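One structure is given below, encoded as structure tokens.
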Amino acid sequence: MKKIKTLIIIAIITLIILIAGITCYVLANIDNNIPEEIKNKCETKQEKYKDRNIFILKSKEKQPTNTKILYLHGGSYMAEPSPNHWDFVSDLANETGATVIMPDYPLTPNHNYKDVFEIMIPLYKELINQISTENLIIMGDSAGGGLGLALEEKLGEENISMPSKTILISPWLDVRLENPEIDEVQKEDKMLNKEILKLAGILYAAGDIDSYLVNPIDGDLSKLKNVTILTGTDDILNPDVKVLKEKAEKQGVRRTNTNKRI
């Protein structure tokens, strides 16, 4: 009887994963544009870079500052920016006066991490040719937070100048999700599902599941500076943030860390 229940649970999880994968596949193929309501809130511009959209938002309420925020949206590497993302980046522009640059980076399953870095590295180089790194912030949430950290680790490896600040919101640091604390936190996390995320991670890694570019928890942190991490303790991504914090301290990374129960 117990074996039958286990098989039923596995079948249900597999079905959920398949449905989620198909849904994200469809979403990844929708032409992504700036929503009309966001155009009413901010000054917006939509440009092309290597056949991908780049969204630029500036405040209509404040005098623009020299600060530029390269914002990398989350979505398990499978989904375009959600309405919540658009609301957040528009508020970010209006409340800070910074210019927010949000690239529509390639998404799995059509693409993998190599395609993403083929765009993100030259895009970053182009940005720092236009502005000082002192005026540049990299910011990202969930998968975008993991991508932001991996990008900076790659920049460090290539001795490219780092941004002045890094802000990671609930970053996805390890697509393998093998931290034993995750299963306990999963009981409280009502939003993220470990098995579905693992499938997305496998697709994104495209056979390189142990690469630090998909698991920035394994990368060299020594060249990072001014890193702020915001994470909730009932988030299944939180246990790996704790591991990253310990590694960063050992490597001498200058940081601020906010770890709040939400």
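Labels used: A, B, ... for chains in the order of the structure tokens, numbers from 1 for residues in each chain, and numbers from 1 for ligands as shown.
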So which residues touch Glu37 in chain A within 12 Å, counting only C-alpha atoms, skipping near sequence neighbours fewer than 6 positions away, as a ChimeraX atom specification? /A:43-44,83,86-87,90
Take the residues that were just selected and, keeping N, CA and C atoms, output them as a PDB file, in the first residue's frame.
```
ATOM      1  N   GLU A  43       9.126  56.912 -18.094  1.00  0.00           N
ATOM      2  CA  GLU A  43       9.651  57.092 -19.446  1.00  0.00           C
ATOM      3  C   GLU A  43      10.284  55.766 -19.852  1.00  0.00           C
ATOM      4  N   THR A  44       9.905  55.244 -20.986  1.00  0.00           N
ATOM      5  CA  THR A  44      10.386  53.918 -21.377  1.00  0.00           C
ATOM      6  C   THR A  44      10.984  53.933 -22.776  1.00  0.00           C
ATOM      7  N   PRO A  83       3.960  40.612 -14.286  1.00  0.00           N
ATOM      8  CA  PRO A  83       3.443  41.938 -13.913  1.00  0.00           C
ATOM      9  C   PRO A  83       4.089  42.479 -12.637  1.00  0.00           C
ATOM     10  N   TRP A  86       7.393  44.058 -13.557  1.00  0.00           N
ATOM     11  CA  TRP A  86       7.223  45.361 -14.198  1.00  0.00           C
ATOM     12  C   TRP A  86       6.862  46.441 -13.173  1.00  0.00           C
ATOM     13  N   ASP A  87       5.966  46.098 -12.251  1.00  0.00           N
ATOM     14  CA  ASP A  87       5.609  47.061 -11.206  1.00  0.00           C
ATOM     15  C   ASP A  87       6.830  47.420 -10.362  1.00  0.00           C
ATOM     16  N   SER A  90       9.455  49.615 -12.318  1.00  0.00           N
ATOM     17  CA  SER A  90       8.954  50.969 -12.536  1.00  0.00           C
ATOM     18  C   SER A  90       8.986  51.761 -11.227  1.00  0.00           C
TER      19      SER A  90
END
```
Determine, counting only C-alpha atoms, which protein, DNA and RNA residues have an atom within 6 Å of an atom of Val100 in chain A; residues of the same chain fewer than 5 positions away are not included. Present the result as a list in words.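 Neighbouring residues, sequence-local ones excluded: Ile56, Leu57, Lys68 and Ile69 of chain A.
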Those selected residues, please, written with N, CA and C atoms and delivered as a short mmCIF file (atom, residue, chain, number, x, y, z; two decimals), in the first residue's frame.
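After the write, out_21.cif holds the following:
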```
data_model
loop_
_atom_site.label_atom_id
_atom_site.label_comp_id
_atom_site.auth_asym_id
_atom_site.auth_seq_id
_atom_site.Cartn_x
_atom_site.Cartn_y
_atom_site.Cartn_z
N ILE A 56 14.34 49.85 -21.06
CA ILE A 56 14.96 50.94 -20.29
C ILE A 56 13.86 51.80 -19.68
N LEU A 57 13.93 51.99 -18.37
CA LEU A 57 12.92 52.76 -17.66
C LEU A 57 13.56 53.91 -16.91
N LYS A 68 22.79 53.76 -12.88
CA LYS A 68 22.13 52.80 -13.77
C LYS A 68 22.02 51.47 -13.02
N ILE A 69 20.86 50.86 -13.10
CA ILE A 69 20.64 49.55 -12.48
C ILE A 69 20.41 48.52 -13.58
#
```
I need the residues in range 40-253 of chain A that are alpha helix (DSSP H) according to DSSP; give them as a PyMOL selection string. chain A and resi 40-41+83-96+113-130+143-157+182-186+194-205+238-250
Excluding same-chain residues fewer than 4 positions from Asp235 in chain A, what lies within 10 Å of it counting only C-alpha atoms, as a VMD selection string? chain A and resid 170 182 185 to 192 231 239 261 to 262
Closest-contact table, range 13-124 of chain A side, partner range 211-230 of chain A, 12 Å, counting only C-alpha atoms, as JSON lines:
```
{"residue": "A:Ser76", "atom": "CA", "partner": "A:Val214", "partner_atom": "CA", "distance": 11.5}
{"residue": "A:Tyr77", "atom": "CA", "partner": "A:Val214", "partner_atom": "CA", "distance": 10.3}
{"residue": "A:Asn112", "atom": "CA", "partner": "A:Val214", "partner_atom": "CA", "distance": 9.7}
{"residue": "A:Tyr113", "atom": "CA", "partner": "A:Val214", "partner_atom": "CA", "distance": 6.9}
{"residue": "A:Lys114", "atom": "CA", "partner": "A:Leu213", "partner_atom": "CA", "distance": 8.8}
{"residue": "A:Asp115", "atom": "CA", "partner": "A:Leu213", "partner_atom": "CA", "distance": 11.7}
{"residue": "A:Val116", "atom": "CA", "partner": "A:Leu213", "partner_atom": "CA", "distance": 10.2}
{"residue": "A:Phe117", "atom": "CA", "partner": "A:Leu213", "partner_atom": "CA", "distance": 8.8}
```
For a quick check of understanding, using only C-alpha atoms, which of A:Lys154, A:Gln130, A:Ala206, A:Ile38 has the smallest distance to Asn84 in chain A?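 Residue with the minimum atom-to-atom distance to Asn84 in chain A: A:Ile38.
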Which one is closest to His73 in chain A: A:Pro35, A:Pro109, A:Pro103, A:Gly144? Count only C-alpha atoms.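 Between A:Pro35, A:Pro109, A:Pro103, A:Gly144, the residue approaching His73 in chain A most closely is A:Gly144.
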What separation in Å, quoted to one decimal, exists between CA of Lys48 in chain A and CA of Ile119 in chain A?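 The value is 11.5 Å.
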Figure out the distance between CA of Leu107 in chain A and CA of Ile54 in chain A, please, to one decimal in Å.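 Distance between the two atoms: 14.3 Å.
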Kindly indicate which residue among A:Met162, A:Met78, A:Ala93, A:Ile131 lies nearest to Tyr105 in chain A, using only C-alpha atoms for the distances. A:Met78
Contacts of Glu178 in chain A within 12 Å, only C-alpha atoms, excl. fewer than 3 positions in-chain, as a list in words: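 Near Glu178 in chain A, the qualifying residues are Leu173, Asp174, Val175, Glu181, Ile182, Asp183, Lys194, Glu195, Leu197, Lys198, Asp210, Asn215, Ile217, Ile236, Leu237, Pro239, Asp240 and Val243 of chain A.
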Writer output for current selection, N, CA and C atoms, as a PDB file, in the first residue's frame:
```
ATOM      1  N   LEU A 173      20.881  30.094  -6.110  1.00  0.00           N
ATOM      2  CA  LEU A 173      22.330  29.968  -6.144  1.00  0.00           C
ATOM      3  C   LEU A 173      22.832  28.605  -6.591  1.00  0.00           C
ATOM      4  N   ASP A 174      21.969  27.612  -6.561  1.00  0.00           N
ATOM      5  CA  ASP A 174      22.400  26.247  -6.880  1.00  0.00           C
ATOM      6  C   ASP A 174      21.213  25.504  -7.475  1.00  0.00           C
ATOM      7  N   VAL A 175      21.243  25.280  -8.787  1.00  0.00           N
ATOM      8  CA  VAL A 175      20.097  24.649  -9.452  1.00  0.00           C
ATOM      9  C   VAL A 175      19.944  23.174  -9.076  1.00  0.00           C
ATOM     10  N   GLU A 181      18.788  21.093   4.044  1.00  0.00           N
ATOM     11  CA  GLU A 181      17.833  21.941   4.760  1.00  0.00           C
ATOM     12  C   GLU A 181      16.633  22.331   3.898  1.00  0.00           C
ATOM     13  N   ILE A 182      16.768  22.178   2.581  1.00  0.00           N
ATOM     14  CA  ILE A 182      15.701  22.612   1.676  1.00  0.00           C
ATOM     15  C   ILE A 182      14.402  21.855   1.920  1.00  0.00           C
ATOM     16  N   ASP A 183      14.479  20.557   2.142  1.00  0.00           N
ATOM     17  CA  ASP A 183      13.261  19.756   2.328  1.00  0.00           C
ATOM     18  C   ASP A 183      12.463  20.214   3.538  1.00  0.00           C
ATOM     19  N   LYS A 194      10.532  22.428  -5.169  1.00  0.00           N
ATOM     20  CA  LYS A 194      11.886  21.953  -5.415  1.00  0.00           C
ATOM     21  C   LYS A 194      11.990  21.132  -6.697  1.00  0.00           C
ATOM     22  N   GLU A 195      11.081  20.199  -6.915  1.00  0.00           N
ATOM     23  CA  GLU A 195      11.191  19.308  -8.074  1.00  0.00           C
ATOM     24  C   GLU A 195      11.012  20.048  -9.386  1.00  0.00           C
ATOM     25  N   LEU A 197      11.666  23.245  -9.877  1.00  0.00           N
ATOM     26  CA  LEU A 197      12.869  24.061 -10.059  1.00  0.00           C
ATOM     27  C   LEU A 197      14.044  23.218 -10.552  1.00  0.00           C
ATOM     28  N   LYS A 198      14.169  22.011 -10.042  1.00  0.00           N
ATOM     29  CA  LYS A 198      15.273  21.146 -10.473  1.00  0.00           C
ATOM     30  C   LYS A 198      15.175  20.849 -11.964  1.00  0.00           C
ATOM     31  N   ASP A 210      27.167  20.995 -13.145  1.00  0.00           N
ATOM     32  CA  ASP A 210      28.083  21.380 -12.069  1.00  0.00           C
ATOM     33  C   ASP A 210      28.858  22.665 -12.371  1.00  0.00           C
ATOM     34  N   ASN A 215      25.530  27.433 -11.078  1.00  0.00           N
ATOM     35  CA  ASN A 215      25.539  27.273  -9.619  1.00  0.00           C
ATOM     36  C   ASN A 215      26.549  28.258  -9.023  1.00  0.00           C
ATOM     37  N   ILE A 217      26.970  29.478  -6.365  1.00  0.00           N
ATOM     38  CA  ILE A 217      27.406  29.151  -5.008  1.00  0.00           C
ATOM     39  C   ILE A 217      28.806  28.540  -5.025  1.00  0.00           C
ATOM     40  N   ILE A 236      12.648  28.248  -0.021  1.00  0.00           N
ATOM     41  CA  ILE A 236      13.540  27.095  -0.202  1.00  0.00           C
ATOM     42  C   ILE A 236      14.902  27.491  -0.760  1.00  0.00           C
ATOM     43  N   LEU A 237      15.038  28.724  -1.253  1.00  0.00           N
ATOM     44  CA  LEU A 237      16.335  29.199  -1.727  1.00  0.00           C
ATOM     45  C   LEU A 237      17.189  29.747  -0.587  1.00  0.00           C
ATOM     46  N   PRO A 239      18.313  28.352   2.364  1.00  0.00           N
ATOM     47  CA  PRO A 239      19.435  27.583   2.907  1.00  0.00           C
ATOM     48  C   PRO A 239      20.749  27.770   2.141  1.00  0.00           C
ATOM     49  N   ASP A 240      20.675  27.912   0.829  1.00  0.00           N
ATOM     50  CA  ASP A 240      21.907  28.112   0.057  1.00  0.00           C
ATOM     51  C   ASP A 240      22.465  29.516   0.232  1.00  0.00           C
ATOM     52  N   VAL A 243      24.807  29.280   3.069  1.00  0.00           N
ATOM     53  CA  VAL A 243      26.083  28.685   2.652  1.00  0.00           C
ATOM     54  C   VAL A 243      26.927  29.720   1.921  1.00  0.00           C
TER      55      VAL A 243
END
```
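Checking A:Ala205, A:Ala200, A:Ile101, A:Leu72 one by one against Leu151 in chain A, counting only C-alpha atoms, you find the shortest gap at A:Leu72.
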Out of A:Gly148, A:Gly140, A:Pro163, A:Pro171, which residue has the shortest atom-to-atom distance to Val241 in chain A when counting only C-alpha atoms?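 Closest to Val241 in chain A of all the choices is A:Pro171.
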